[in-house]
Amino acid sequence: MSGLGAWFADLKADFILNFIDSNRWKFITSGLKNTLFITLMAVIIGVCLGTVVAIVRSGYEKNYAEMKKGIKKYLLAFVNGVCKVYLTVIRGTPVVVQLMIMYYIIFATSRNSLLVAILAFGINSAAYVAEIVRSGIMSIDVGQFEAGRSLGFDYKKTMIYIIIPQAIKNVLPALANEFIVLLKETSVAGYVTIRDLTMGGNIIRAATYSAFMPLIAVALIYLVMVMFFTWLVGKLERRLRNSER
C-alpha cells in the first residue's frame, strides 16, 4: 500500500510541476485554441478550393470529349492540367515539408506564422477534398445533368443548383473525416514556431525535464477531440441515412 501511495504522491507532484507551477497549464489551453483555429480556417479554405478543383476536374472528364474546338476547350484543358499537377504535388509530398516551404521560402518575409500555417494546411486539405467531391460529382446520375438542361440551366447553373448539393450530401461523412485527419495533421505546426497543442506540451517538457505528463496530456486531448468528432460524424451519417428513407 505504501508503494501505491508513493506512486500517487509522485504522480501528484509531477502533475503540479508540469501544470500548476508557473501556470504552465496555459501553454496547453492556448495551444489548443491555436490548433482548433488553424483547423477550422484550413477546413474552410480546403472545402472552397477543393470544390473548385473538383468542378474543373469533373467538368473536364464529362465534357471535354464533346466540346467543340475553341478557346473554351483549350482553356479547360489547361486549367485541368494545372489542377492535376497541383493534386500530384500536394498529395505526393509530406504536409510538414509543404508547411516549411510555405514559411521559409514562399512567405519568407512574413512572420505571421499562424496565417502561413492556415494557408499551408488549407491548400493541403483542398487536394484531398477535391478528390472526395469529384467522386461525389461523378457518382451523380447523368440524368440529373439532363434534368438541369431541360429546366433551361446551362452547365454552370446545373452544377451549382443541382449537382453540387447532391454531391456534397453524398460525401459529407468523408469530408467530416477529412476534418478529423486535418486536426491531427496540425500537430506539426510547431515546425514554424506556432504554439499549437503539441508545441505547448513540448514547452512544458523542456521547462520541467519531465516528458510523461505533458505528452500524455497532449495525446489524451487529441484522443478526446477525435472521439468527439468521430461521434458527431457517426451521428451525421445516421441522420443522412434516415433522411433517405
# chains A, B, ... in the order shown; residues from 1 in each chain; ligands from 1
>>> closest_atom_pairs(of="region 195-231 of chain A", to="region 155-173 of chain A", cutoff="12 Å", atoms="only C-alpha atoms", output="CSV")
residue,atom,partner,partner_atom,distance
A:Phe229,CA,A:Pro173,CA,11.1
A:Thr230,CA,A:Pro173,CA,9.9
A:Trp231,CA,A:Pro173,CA,11.4
>>> select_by_dssp(residues="region 69-179 of chain A", states="alpha helix (DSSP H)", output="VMD selection string")
chain A and resid 71 to 92 95 to 101 113 to 139 142 to 150 155 to 158 164 to 179
>>> residues_around(residues="Ile180 (chain A)", least_positions_apart="4", cutoff="7 Å", atoms="only C-alpha atoms", output="ChimeraX atom specification")
/A:176,184,226,229
>>> closest_residue(among="A:Glu66, A:Lys73, A:Leu183, A:Asp10", to="Val224 (chain A)", atoms="only C-alpha atoms")
A:Leu183
>>> atom_distance(atom1="CA of Ile105 (chain A)", atom2="CA of Ala130 (chain A)")
25.5 Å
